[in-house]
Amino acid sequence: MIPVSYYLGLSAVLFALGILGVLLRRNPLVLFMSLELMFNAGNLAFVTFARMYGDLAGQLVVFFVMTVAAAEVAVGLALIVAIFRSKHTIDLDEVNSLKG
Amino acid sequence: MPGLPVVFFILAAVAVVTALGMLLSRNTVYSALFLVLNFATVAVLYLMLGAPFVALTQITVYAGSIMVLFLFVILLLGAERLPISDKLGWQPFVAIPLGFILAAEFAFNLFQSTGQIVNVIETPANFGSPASIGELLFSQYILPFETTALVLLAAAVGAIIIAKPERQSPGQAIRRTRAVSSPVPAEAPSAEAKETPAAVQEEALKQN
């Protein structure tokens, strides 16, 4: 048997890796993927807490987070496609003006 | 049952290595595939934590739909061939230590508050099964359930509208030309000096 705090430690490490990905990558697609990694780390923490306290509400929260994350990814990727269509680049250093 | 330690450490190592692979890979398609493997690993961790429904939902929704959507967009934009500028100057030197500090703080706080819990409580056999999740979802959490249905509808409509290419109808094009060629609206039509240019303009418009 392993302590559940190891799961929480893994969740913390994955969350920090996700934040590093958001800060250090210039490609917005990899940035979105790092955001998904952060979502996953949070979901892992929720499932761990659900197991710790025997409360299914944690798993339900994970269900809702997955749904909302799917919706957000759809809209975000549509935005990237629209930006690429107008600027022909998706490098974040060049997409730095509000002018569409 | 949280499972044998060996299984957990192997899965944790795979999760961290694939996350690092996603971050450090120069090819965007490789990053997406690393992330798929990461999601599958986290799904197995959910299974070990007694959440079978959430684990298979993770495989279906995250690894099966969201990452496929990512791959579609990557291949649509040709992002695996785009030149990625490495103009990062001082950012990595600040970001990586801050990331370490964040992870250490997280882990410290978590171990402080929950370190003494070694064995999880015994849960019933159907903990996390679809039936028990469904019971809770449709009785106590029915409002968030319907709200997420609305969120998905809004996201689908929004994504279609944002990504739709702009197409002009013929009527829109003619109105735009007319607005450009006759900027002054009919203000004083009684003046005879303005009649000739107006007649010339109208003839030009009729030819469009």
# chains A, B, ... in the order shown; residues from 1 in each chain; ligands from 1
$ interface_residues --of "chain A" --to "chain B" --cutoff "7 Å" --atoms "only C-alpha atoms" --output "ChimeraX atom specification"
/A:1-5,8-10,12-14,16,20-21,23-24,30,47-48,51-52,54,56,59,63,67-68,70-71,74-75,78-79,81-82,91
$ select_by_dssp --residues "range 11-182 of chain B" --states "alpha helix (DSSP H)" --output "ChimeraX atom specification"
/B:11-24,28-48,52-57,67-77,91-114,130-139,142-163,170-181
$ write_last_selection --atoms "C-alpha atoms" --output "tab-separated table (two decimals), in the first residue's frame"
chain	number	residue	atom	x	y	z
B	11	LEU	CA	3.29	4.74	-14.04
B	12	ALA	CA	4.45	7.94	-12.36
B	13	ALA	CA	7.79	7.77	-14.18
B	14	VAL	CA	6.05	7.24	-17.52
B	15	ALA	CA	3.71	10.15	-16.82
B	16	VAL	CA	6.54	12.54	-15.99
B	17	VAL	CA	8.74	11.39	-18.88
B	18	THR	CA	5.95	11.78	-21.42
B	19	ALA	CA	5.08	15.21	-20.03
B	20	LEU	CA	8.72	16.25	-20.42
B	21	GLY	CA	8.77	14.76	-23.89
B	22	MET	CA	5.76	16.83	-24.83
B	23	LEU	CA	7.40	20.00	-23.57
B	24	LEU	CA	10.80	19.48	-25.11
B	28	THR	CA	4.36	19.37	-32.70
B	29	VAL	CA	3.00	16.00	-33.79
B	30	TYR	CA	5.43	14.23	-31.46
B	31	SER	CA	4.25	16.49	-28.65
B	32	ALA	CA	0.65	15.52	-29.29
B	33	LEU	CA	1.49	11.81	-29.32
B	34	PHE	CA	3.46	12.14	-26.08
B	35	LEU	CA	0.44	13.77	-24.52
B	36	VAL	CA	-1.81	10.92	-25.65
B	37	LEU	CA	0.47	8.50	-23.83
B	38	ASN	CA	0.40	10.75	-20.78
B	39	PHE	CA	-3.40	10.71	-20.75
B	40	ALA	CA	-3.47	6.93	-21.02
B	41	THR	CA	-1.06	6.67	-18.07
B	42	VAL	CA	-3.17	8.99	-15.95
B	43	ALA	CA	-6.22	6.90	-16.86
B	44	VAL	CA	-4.52	3.81	-15.44
B	45	LEU	CA	-3.76	5.81	-12.28
B	46	TYR	CA	-7.47	6.61	-12.04
B	47	LEU	CA	-8.20	2.89	-12.28
B	48	MET	CA	-5.83	2.28	-9.39
B	52	PRO	CA	-13.27	3.09	-13.46
B	53	PHE	CA	-15.89	5.30	-15.06
B	54	VAL	CA	-13.69	8.38	-14.93
B	55	ALA	CA	-10.73	6.40	-16.26
B	56	LEU	CA	-12.54	5.21	-19.35
B	57	THR	CA	-14.16	8.61	-19.85
B	67	MET	CA	-6.10	14.89	-28.95
B	68	VAL	CA	-7.53	13.83	-32.28
B	69	LEU	CA	-8.88	17.36	-32.64
B	70	PHE	CA	-5.42	18.69	-31.83
B	71	LEU	CA	-3.89	16.45	-34.46
B	72	PHE	CA	-6.44	17.59	-37.02
B	73	VAL	CA	-5.56	21.24	-36.43
B	74	ILE	CA	-1.82	20.54	-36.38
B	75	LEU	CA	-1.99	18.82	-39.73
B	76	LEU	CA	-4.41	21.40	-41.12
B	77	LEU	CA	-2.06	24.28	-40.31
B	91	GLN	CA	12.57	33.46	-19.82
B	92	PRO	CA	13.81	29.91	-19.21
B	93	PHE	CA	16.17	31.05	-16.46
B	94	VAL	CA	13.31	32.62	-14.54
B	95	ALA	CA	10.57	30.15	-15.43
B	96	ILE	CA	12.34	26.89	-14.56
B	97	PRO	CA	13.36	27.88	-11.01
B	98	LEU	CA	9.90	29.30	-10.40
B	99	GLY	CA	8.36	26.05	-11.65
B	100	PHE	CA	10.55	24.05	-9.30
B	101	ILE	CA	9.59	26.31	-6.40
B	102	LEU	CA	5.90	25.89	-7.23
B	103	ALA	CA	6.12	22.11	-7.41
B	104	ALA	CA	8.11	21.97	-4.17
B	105	GLU	CA	5.60	24.20	-2.40
B	106	PHE	CA	2.68	22.10	-3.64
B	107	ALA	CA	4.30	18.84	-2.62
B	108	PHE	CA	5.35	20.21	0.77
B	109	ASN	CA	1.84	21.41	1.62
B	110	LEU	CA	0.24	18.20	0.41
B	111	PHE	CA	2.59	15.95	2.35
B	112	GLN	CA	2.16	18.10	5.46
B	113	SER	CA	-1.60	17.76	5.54
B	114	THR	CA	-2.14	14.24	4.27
B	130	PRO	CA	-21.17	4.04	-13.76
B	131	ALA	CA	-24.29	3.19	-11.78
B	132	SER	CA	-23.22	5.04	-8.66
B	133	ILE	CA	-21.94	8.00	-10.66
B	134	GLY	CA	-25.17	8.12	-12.60
B	135	GLU	CA	-27.25	8.05	-9.43
B	136	LEU	CA	-25.44	11.08	-8.13
B	137	LEU	CA	-25.25	12.85	-11.47
B	138	PHE	CA	-28.95	12.76	-12.22
B	139	SER	CA	-30.22	13.47	-8.73
B	142	ILE	CA	-28.60	17.64	-12.37
B	143	LEU	CA	-28.14	21.41	-12.65
B	144	PRO	CA	-24.42	21.31	-13.50
B	145	PHE	CA	-25.19	18.49	-15.91
B	146	GLU	CA	-27.69	20.57	-17.86
B	147	THR	CA	-25.38	23.57	-17.70
B	148	THR	CA	-22.52	21.62	-19.26
B	149	ALA	CA	-24.91	20.58	-22.02
B	150	LEU	CA	-25.51	24.29	-22.69
B	151	VAL	CA	-21.76	24.95	-22.56
B	152	LEU	CA	-21.13	22.28	-25.17
B	153	LEU	CA	-23.81	23.72	-27.42
B	154	ALA	CA	-22.35	27.21	-27.12
B	155	ALA	CA	-18.87	25.89	-27.82
B	156	ALA	CA	-19.97	23.99	-30.92
B	157	VAL	CA	-21.83	26.98	-32.36
B	158	GLY	CA	-19.00	29.34	-31.45
B	159	ALA	CA	-16.31	27.16	-32.98
B	160	ILE	CA	-18.22	26.90	-36.25
B	161	ILE	CA	-18.77	30.65	-36.45
B	162	ILE	CA	-15.19	31.54	-35.57
B	163	ALA	CA	-13.61	29.15	-38.01
B	170	PRO	CA	-22.80	39.42	-54.61
B	171	GLY	CA	-25.21	41.98	-53.13
B	172	GLN	CA	-22.67	42.82	-50.44
B	173	ALA	CA	-19.98	43.41	-53.04
B	174	ILE	CA	-22.14	45.81	-55.10
B	175	ARG	CA	-23.17	47.79	-52.02
B	176	ARG	CA	-19.56	48.14	-51.05
B	177	THR	CA	-18.59	49.49	-54.49
B	178	ARG	CA	-21.46	51.96	-54.45
B	179	ALA	CA	-20.47	53.27	-51.04
B	180	VAL	CA	-16.90	53.79	-52.23
B	181	SER	CA	-17.70	55.57	-55.49
$ atom_distance --atom1 "CA of Val65 in chain A" --atom2 "CA of Val7 in chain B"
26.7 Å
$ residues_around --residues "Gly58 in chain A" --least-positions-apart "2" --cutoff "7 Å" --atoms "only C-alpha atoms" --output "list of chain:residue names"
A:Phe46, A:Val47, A:Phe49, A:Ala50, A:Asp55, A:Leu56, A:Leu60, A:Val61, A:Val62
$ write_last_selection --atoms "C-alpha atoms" --output "compact mmCIF listing (two decimals), in the first residue's frame"
# COMPACT_ATOMS: atom_id res chain seq x y z
CA PHE A 46 -9.71 15.46 -7.40
CA VAL A 47 -9.89 11.69 -7.91
CA PHE A 49 -9.41 13.24 -2.74
CA ALA A 50 -12.55 11.36 -3.76
CA ASP A 55 -17.01 10.89 -1.58
CA LEU A 56 -18.03 10.48 -5.21
CA LEU A 60 -18.21 14.04 -10.68
CA VAL A 61 -16.17 17.22 -10.67
CA VAL A 62 -13.65 15.44 -12.91
$ residues_around --residues "Phe32 in chain A" --least-positions-apart "4" --cutoff "10 Å" --atoms "only C-alpha atoms" --output "VMD selection string"
(chain A and resid 18 21 to 22 27 to 28 36 to 38 72 to 73 76 to 77) or (chain B and resid 70)
$ atom_distance --atom1 "CA of Ile59 in chain B" --atom2 "CA of Ala69 in chain A"
14.0 Å
